[in-house]
Each structure stands twice: as C-alpha cells, then as structure tokens.
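Here is the file model23.pdb (PDB, C-alpha atoms).
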```pdb
MODEL        1
ATOM      1  CA  MET A 228     -14.400 107.640 -28.468  1.00  0.00           C
ATOM      2  CA  ALA A 229     -14.760 108.045 -32.211  1.00  0.00           C
ATOM      3  CA  GLY A 230     -12.236 110.489 -33.638  1.00  0.00           C
ATOM      4  CA  GLU A 231     -10.380 110.428 -30.336  1.00  0.00           C
ATOM      5  CA  GLY A 232      -8.380 113.610 -29.790  1.00  0.00           C
ATOM      6  CA  LYS A 233     -10.201 115.371 -32.595  1.00  0.00           C
ATOM      7  CA  ASP A 234     -13.642 115.929 -31.038  1.00  0.00           C
ATOM      8  CA  LYS A 235     -14.343 119.257 -29.430  1.00  0.00           C
ATOM      9  CA  ASN A 236     -16.300 119.189 -26.260  1.00  0.00           C
ATOM     10  CA  LYS A 237     -18.316 122.131 -25.049  1.00  0.00           C
ATOM     11  CA  ALA A 238     -19.882 123.159 -21.781  1.00  0.00           C
ATOM     12  CA  GLU A 239     -22.555 125.833 -21.577  1.00  0.00           C
ATOM     13  CA  VAL A 240     -23.444 127.329 -18.219  1.00  0.00           C
ATOM     14  CA  GLY A 241     -26.963 128.718 -17.897  1.00  0.00           C
ATOM     15  CA  ASP A 242     -28.056 131.110 -15.177  1.00  0.00           C
ATOM     16  CA  PRO A 243     -31.207 130.641 -13.063  1.00  0.00           C
ATOM     17  CA  ALA A 244     -33.222 132.524 -15.727  1.00  0.00           C
ATOM     18  CA  GLY A 245     -32.053 130.078 -18.422  1.00  0.00           C
ATOM     19  CA  HIS A 246     -29.671 132.445 -20.251  1.00  0.00           C
ATOM     20  CA  THR A 247     -26.263 131.097 -21.262  1.00  0.00           C
ATOM     21  CA  VAL A 248     -23.667 133.037 -19.295  1.00  0.00           C
ATOM     22  CA  ARG A 249     -20.558 131.192 -20.425  1.00  0.00           C
ATOM     23  CA  THR A 250     -19.578 128.771 -23.170  1.00  0.00           C
ATOM     24  CA  LEU A 251     -16.368 126.826 -22.641  1.00  0.00           C
ATOM     25  CA  HIS A 252     -14.546 124.577 -25.108  1.00  0.00           C
ATOM     26  CA  GLY A 253     -12.085 121.761 -24.623  1.00  0.00           C
ATOM     27  CA  GLN A 254     -10.449 118.921 -26.497  1.00  0.00           C
ATOM     28  CA  SER A 255     -11.644 115.365 -25.875  1.00  0.00           C
ATOM     29  CA  LYS A 256      -9.185 112.540 -25.386  1.00  0.00           C
ATOM     30  CA  ALA A 257      -9.238 109.056 -23.933  1.00  0.00           C
ATOM     31  CA  GLY A 258      -9.821 108.999 -20.181  1.00  0.00           C
ATOM     32  CA  PHE A 259     -11.052 111.829 -18.029  1.00  0.00           C
ATOM     33  CA  ASN A 260     -11.657 115.221 -19.610  1.00  0.00           C
ATOM     34  CA  ARG A 261     -12.016 118.523 -17.863  1.00  0.00           C
ATOM     35  CA  ILE A 262     -13.252 121.980 -18.702  1.00  0.00           C
ATOM     36  CA  ASP A 263     -12.599 124.523 -15.976  1.00  0.00           C
ATOM     37  CA  TRP A 264     -15.070 127.306 -15.242  1.00  0.00           C
ATOM     38  CA  ASP A 265     -13.763 130.241 -13.216  1.00  0.00           C
ATOM     39  CA  LEU A 266     -17.337 131.173 -12.183  1.00  0.00           C
ATOM     40  CA  ARG A 267     -17.235 134.130 -14.569  1.00  0.00           C
ATOM     41  CA  VAL A 268     -19.492 135.125 -17.437  1.00  0.00           C
ATOM     42  CA  ASP A 269     -18.101 135.732 -20.912  1.00  0.00           C
ATOM     43  CA  PRO A 270     -15.254 138.287 -20.964  1.00  0.00           C
ATOM     44  CA  LEU A 271     -15.423 141.878 -22.168  1.00  0.00           C
ATOM     45  CA  GLU A 272     -15.186 142.470 -25.894  1.00  0.00           C
ATOM     46  CA  THR A 273     -11.613 143.170 -26.975  1.00  0.00           C
ATOM     47  CA  ILE A 274     -10.941 146.284 -29.024  1.00  0.00           C
ATOM     48  CA  GLN A 275      -8.964 145.185 -32.065  1.00  0.00           C
ATOM     49  CA  LEU A 276      -6.758 147.909 -33.498  1.00  0.00           C
ATOM     50  CA  ARG A 277      -6.002 147.235 -37.170  1.00  0.00           C
ATOM     51  CA  THR A 278      -4.509 150.482 -38.438  1.00  0.00           C
ATOM     52  CA  ILE A 279      -1.095 152.127 -38.311  1.00  0.00           C
ATOM     53  CA  PRO A 280      -0.876 154.766 -35.579  1.00  0.00           C
ATOM     54  CA  PRO A 281       0.681 158.027 -36.834  1.00  0.00           C
ATOM     55  CA  GLU A 282       3.085 158.088 -33.868  1.00  0.00           C
ATOM     56  CA  ASN A 283       4.384 154.571 -34.632  1.00  0.00           C
ATOM     57  CA  PRO A 284       4.390 153.780 -38.376  1.00  0.00           C
ATOM     58  CA  HIS A 285       6.353 150.558 -37.739  1.00  0.00           C
ATOM     59  CA  ILE A 286       3.911 149.062 -35.243  1.00  0.00           C
ATOM     60  CA  TRP A 287       3.424 145.893 -37.303  1.00  0.00           C
ATOM     61  CA  ASP A 288       7.190 145.208 -37.193  1.00  0.00           C
ATOM     62  CA  ASP A 289       6.965 144.796 -33.410  1.00  0.00           C
ATOM     63  CA  THR A 290       7.457 141.114 -32.523  1.00  0.00           C
ATOM     64  CA  ARG A 291       4.202 141.148 -30.503  1.00  0.00           C
ATOM     65  CA  PHE A 292       2.166 142.013 -33.604  1.00  0.00           C
ATOM     66  CA  LYS A 293       4.210 140.654 -36.541  1.00  0.00           C
ATOM     67  CA  GLY A 294       1.989 138.530 -38.791  1.00  0.00           C
ATOM     68  CA  LYS A 295      -1.190 139.436 -36.917  1.00  0.00           C
ATOM     69  CA  LYS A 296      -4.233 141.224 -38.315  1.00  0.00           C
ATOM     70  CA  TRP A 297      -4.968 143.209 -35.178  1.00  0.00           C
ATOM     71  CA  ARG A 298      -3.492 144.248 -31.857  1.00  0.00           C
ATOM     72  CA  PRO A 299      -5.350 144.680 -28.582  1.00  0.00           C
ATOM     73  CA  ILE A 300      -5.889 147.955 -26.834  1.00  0.00           C
ATOM     74  CA  THR A 301      -5.056 148.308 -23.169  1.00  0.00           C
ATOM     75  CA  HIS A 302      -7.712 150.046 -21.066  1.00  0.00           C
ATOM     76  CA  TRP A 303      -6.067 152.181 -18.380  1.00  0.00           C
ATOM     77  CA  GLY A 304      -3.440 149.580 -17.643  1.00  0.00           C
ATOM     78  CA  MET A 305      -5.875 146.632 -17.546  1.00  0.00           C
ATOM     79  CA  PRO A 306      -4.938 143.555 -19.554  1.00  0.00           C
ATOM     80  CA  ALA A 307      -6.306 143.311 -23.098  1.00  0.00           C
ATOM     81  CA  HIS A 308      -8.324 140.212 -22.198  1.00  0.00           C
ATOM     82  CA  GLN A 309     -10.553 141.389 -19.364  1.00  0.00           C
ATOM     83  CA  PRO A 310     -12.552 138.610 -17.682  1.00  0.00           C
ATOM     84  CA  GLY A 311     -16.258 138.980 -17.073  1.00  0.00           C
ATOM     85  CA  PRO A 312     -17.871 139.339 -13.646  1.00  0.00           C
ATOM     86  CA  ILE A 313     -18.172 136.432 -11.221  1.00  0.00           C
ATOM     87  CA  VAL A 314     -21.695 135.035 -11.031  1.00  0.00           C
ATOM     88  CA  PRO A 315     -23.634 135.274  -7.764  1.00  0.00           C
ATOM     89  CA  PRO A 316     -24.794 132.272  -5.743  1.00  0.00           C
ATOM     90  CA  GLY A 317     -27.706 130.359  -7.246  1.00  0.00           C
ATOM     91  CA  VAL A 318     -28.713 127.287  -9.215  1.00  0.00           C
ATOM     92  CA  TYR A 319     -27.151 127.051 -12.669  1.00  0.00           C
ATOM     93  CA  GLN A 320     -27.502 124.487 -15.436  1.00  0.00           C
ATOM     94  CA  VAL A 321     -24.423 122.970 -17.032  1.00  0.00           C
ATOM     95  CA  LYS A 322     -24.955 121.480 -20.476  1.00  0.00           C
ATOM     96  CA  VAL A 323     -22.038 119.411 -21.784  1.00  0.00           C
ATOM     97  CA  THR A 324     -21.892 118.382 -25.436  1.00  0.00           C
ATOM     98  CA  LEU A 325     -19.472 115.616 -26.330  1.00  0.00           C
ATOM     99  CA  GLY A 326     -19.408 113.443 -29.431  1.00  0.00           C
ATOM    100  CA  GLY A 327     -22.836 114.641 -30.512  1.00  0.00           C
ATOM    101  CA  GLN A 328     -24.422 113.787 -27.161  1.00  0.00           C
ATOM    102  CA  THR A 329     -25.670 116.408 -24.709  1.00  0.00           C
ATOM    103  CA  PHE A 330     -25.856 116.002 -20.947  1.00  0.00           C
ATOM    104  CA  THR A 331     -27.429 118.519 -18.561  1.00  0.00           C
ATOM    105  CA  GLN A 332     -26.889 118.766 -14.826  1.00  0.00           C
ATOM    106  CA  PRO A 333     -27.852 121.413 -12.246  1.00  0.00           C
ATOM    107  CA  LEU A 334     -25.053 123.115 -10.353  1.00  0.00           C
ATOM    108  CA  THR A 335     -25.693 124.957  -7.093  1.00  0.00           C
ATOM    109  CA  LEU A 336     -23.262 127.721  -6.186  1.00  0.00           C
ATOM    110  CA  LEU A 337     -23.441 128.410  -2.478  1.00  0.00           C
ATOM    111  CA  PRO A 338     -22.636 131.812  -1.006  1.00  0.00           C
ATOM    112  CA  ASP A 339     -19.116 132.273   0.299  1.00  0.00           C
ATOM    113  CA  PRO A 340     -19.548 132.750   4.053  1.00  0.00           C
ATOM    114  CA  LYS A 341     -16.576 135.155   4.016  1.00  0.00           C
ATOM    115  CA  ALA A 342     -17.970 137.294   1.173  1.00  0.00           C
ATOM    116  CA  PRO A 343     -19.051 140.779   2.196  1.00  0.00           C
ATOM    117  CA  GLY A 344     -22.730 141.369   1.577  1.00  0.00           C
ATOM    118  CA  THR A 345     -25.827 139.256   1.356  1.00  0.00           C
ATOM    119  CA  PRO A 346     -26.691 137.081  -1.649  1.00  0.00           C
ATOM    120  CA  ALA A 347     -29.180 139.785  -2.695  1.00  0.00           C
ATOM    121  CA  GLN A 348     -26.469 142.455  -2.548  1.00  0.00           C
ATOM    122  CA  LEU A 349     -24.087 140.224  -4.513  1.00  0.00           C
ATOM    123  CA  ALA A 350     -26.809 139.748  -7.148  1.00  0.00           C
ATOM    124  CA  GLN A 351     -27.289 143.540  -7.414  1.00  0.00           C
ATOM    125  CA  THR A 352     -23.538 144.062  -7.800  1.00  0.00           C
ATOM    126  CA  TYR A 353     -23.461 141.366 -10.473  1.00  0.00           C
ATOM    127  CA  GLU A 354     -26.301 143.034 -12.421  1.00  0.00           C
ATOM    128  CA  LEU A 355     -24.412 146.346 -12.358  1.00  0.00           C
ATOM    129  CA  GLN A 356     -21.221 144.632 -13.533  1.00  0.00           C
ATOM    130  CA  LEU A 357     -23.157 143.013 -16.404  1.00  0.00           C
ATOM    131  CA  ARG A 358     -24.555 146.380 -17.499  1.00  0.00           C
ATOM    132  CA  ILE A 359     -21.046 147.880 -17.451  1.00  0.00           C
ATOM    133  CA  ARG A 360     -19.664 144.887 -19.384  1.00  0.00           C
ATOM    134  CA  ASP A 361     -22.426 145.193 -21.975  1.00  0.00           C
ATOM    135  CA  ASP A 362     -21.860 148.963 -22.367  1.00  0.00           C
ATOM    136  CA  VAL A 363     -18.115 148.404 -22.821  1.00  0.00           C
ATOM    137  CA  GLY A 364     -19.005 145.697 -25.363  1.00  0.00           C
ATOM    138  CA  LYS A 365     -21.153 148.119 -27.383  1.00  0.00           C
ATOM    139  CA  ILE A 366     -18.335 150.665 -27.450  1.00  0.00           C
ATOM    140  CA  SER A 367     -15.797 147.978 -28.362  1.00  0.00           C
ATOM    141  CA  ASN A 368     -17.998 146.779 -31.227  1.00  0.00           C
ATOM    142  CA  MET A 369     -18.296 150.349 -32.543  1.00  0.00           C
ATOM    143  CA  VAL A 370     -14.522 150.895 -32.337  1.00  0.00           C
ATOM    144  CA  ASN A 371     -13.912 147.526 -34.040  1.00  0.00           C
ATOM    145  CA  LEU A 372     -16.261 148.478 -36.883  1.00  0.00           C
ATOM    146  CA  ILE A 373     -14.464 151.813 -37.326  1.00  0.00           C
ATOM    147  CA  GLU A 374     -11.069 150.066 -37.214  1.00  0.00           C
ATOM    148  CA  ARG A 375     -12.122 147.555 -39.914  1.00  0.00           C
ATOM    149  CA  GLN A 376     -13.294 150.438 -42.114  1.00  0.00           C
ATOM    150  CA  ARG A 377     -10.112 152.433 -41.471  1.00  0.00           C
ATOM    151  CA  ARG A 378      -8.057 149.348 -42.376  1.00  0.00           C
ATOM    152  CA  GLN A 379      -9.974 148.972 -45.633  1.00  0.00           C
ATOM    153  CA  LEU A 380      -9.230 152.613 -46.456  1.00  0.00           C
ATOM    154  CA  GLU A 381      -5.522 152.129 -45.621  1.00  0.00           C
ATOM    155  CA  ASP A 382      -5.413 149.064 -47.897  1.00  0.00           C
ATOM    156  CA  MET A 383      -7.191 150.916 -50.704  1.00  0.00           C
ATOM    157  CA  LYS A 384      -4.824 153.851 -50.343  1.00  0.00           C
ATOM    158  CA  ALA A 385      -1.798 151.522 -50.506  1.00  0.00           C
ATOM    159  CA  GLU A 386      -3.204 149.909 -53.676  1.00  0.00           C
ATOM    160  CA  GLY A 387      -3.928 153.324 -55.194  1.00  0.00           C
ATOM    161  CA  THR A 388      -7.675 152.675 -55.340  1.00  0.00           C
ATOM    162  CA  ALA A 389      -8.738 155.123 -52.578  1.00  0.00           C
ATOM    163  CA  LEU A 390     -10.755 158.142 -53.640  1.00  0.00           C
TER     164      LEU A 390
ENDMDL
END
```

Could you spell out this file's structure in structure tokens?
Amino acid sequence: MAGEGKDKNKAEVGDPAGHTVRTLHGQSKAGFNRIDWDLRVDPLETIQLRTIPPENPHIWDDTRFKGKKWRPITHWGMPAHQPGPIVPPGVYQVKVTLGGQTFTQPLTLLPDPKAPGTPAQLAQTYELQLRIRDDVGKISNMVNLIERQRRQLEDMKAEGTAL
C-alpha cells in the first residue's frame, strides 16, 4: 500500500433508509486491517466544560485536566463518553474507504433469538433512544456554546480587556 502505515481507513455504516449511523476510523498497515463496530450509532455529544468553577478555582491543576482545553461533565454518574444506542436488526450498508478507493457491501443483522421483544418492538425502542440521544445532543451543543463564550469572557477578564 502506498504510504503504508500513514493512510487512514474509514468505514461508514448506513441504515436501511440510507442514513449514515456510524463512521469509524482506523489506521492502515500491511496485512489484514480491522475496524470494529459495536453495533451502536454515534455516541452522545460530550459536554465540554471550559471555565473555572467557583467551588474549585484550581481545577486546571488537577492531573486529569492539566494541559487540556476542556473537561467532560459526568451525567448522573454515567461516564463522560456515553455510547449511542444499539441498532435494531435489518440490512445495513458498510462503505469502506481505503487508499482513495471505496468498497460497499450489505450487512444483515439478524435478531437475537434471546432478545426480549419482536424486531418491530426493538425498532420502536431504537427510535425512542435516537430521539433521546438527539435531544441530549441539542442540550450539549447549547451548553458547549455557552461554555466557549464564558471561557472567552474569562480570558478577556484575565487580559484586562473585559467590559
């Protein structure tokens, strides 16, 4: 492969309606290459806190955040990186791009015979989970916008340029 070890490979998984539900990246090298898909859609948006909390003015000295521009927020004890919902059974399209070439292949996900509920019920649950994920994403985007603006004000205040 040209540029061996330097090329990025990408796999896009499309749902039965043709919408991309997950984009995965990997590094290409000589031999076999693998990109694992956990059967989930893209994860929830992460809230990125950028400002100094009044109750902890030394937050950026913490080894977890030293040298970083933001820190994650924890939602009710859930991890900061919250995975997206698992897709329901159906026929998906996997599009792999490697070295400028694109290959597409269908992928059929069969229902788990041990899963509670019918495929139709699983699809309804999935749709609800997507709506919740998207609503959380909207809120996260709003909080991230506010945090970027608050950070700009903190920086201006520190430079003596704030109004």

key: Result set of the PyMOL selection byres ((chain A and resi 267) around 12) on the coordinates above, as a ChimeraX atom specification   = /A:240-242,247-251,263-266,268-271,309-316,353,356-357

remark   = In Å and to one decimal, atom CA of Arg377 of chain A is distant from atom CA of Arg277 of chain A by 7.9 Å

query = A:Thr273, A:Thr335, A:Thr324, A:Thr290: which is nearest Lys235 of chain A, counting all atoms listed in the file?
reply = A:Thr324

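Distances from A:Met369, A:Ile262, A:Ile359, A:Leu276 to Ile300 of chain A were compared using all atoms listed in the file, and the smallest one belongs to A:Leu276.
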
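With distances restricted to all atoms listed in the file, A:Lys296 is the closest residue to Ile279 of chain A from A:Lys322, A:Arg291, A:Lys341, A:Lys296.
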
request  = Run the PyMOL selection byres ((chain A and resi 278) around 10) against the file shown and list the residues it catches, as an MDAnalysis selection string.
outcome  = chainID A and resid 275:277 279:281 284 286:287 296:298 374:382

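Atom CA of Leu336 of chain A is positioned 25.2 Å from atom CA of His308 of chain A.
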
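Our summary of the geometry notes that atom CA of Thr329 of chain A is positioned 13.8 Å from atom CA of His252 of chain A.
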
key: Val323 of chain A surroundings by only C-alpha atoms, 6 Å radius, close-in-sequence under 6 positions cut, as a ChimeraX atom specification   = /A:237-238,329-330

Output C-alpha atoms for every residue in that selection, as a JSON list (two decimals), in the coordinates of the input.
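This is the output file part31.json:
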```json
[["chain", "number", "residue", "atom", "x", "y", "z"],
["A", 237, "LYS", "CA", -18.32, 122.13, -25.05],
["A", 238, "ALA", "CA", -19.88, 123.16, -21.78],
["A", 329, "THR", "CA", -25.67, 116.41, -24.71],
["A", 330, "PHE", "CA", -25.86, 116.00, -20.95]]
```

Once 4 Å is added on each side, what centre and edge lengths in Å to one decimal does the axis-aligned box around all listed atoms of segment 382-389 of chain A have, as lines of an AutoDock Vina configuration file?
```
center_x = -5.3
center_y = 152.1
center_z = -51.6
size_x = 14.9
size_y = 14.1
size_z = 15.4
```

remark   = Judged by only C-alpha atoms, the minimum distance to Pro299 of chain A among A:Thr345, A:Asp361, A:Ala257, A:Ile274 is found for A:Ile274

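For the set A:Lys365, A:Arg261, A:Tyr319, A:Gln351, the residue with the smallest atom-to-atom gap to His246 of chain A is A:Tyr319, counting all atoms listed in the file.
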
query = Using only C-alpha atoms, which of the listed residues (A:Ala350, A:Ala385, A:Leu325, A:Ile366) sits closest to Glu239 of chain A?
reply = A:Leu325
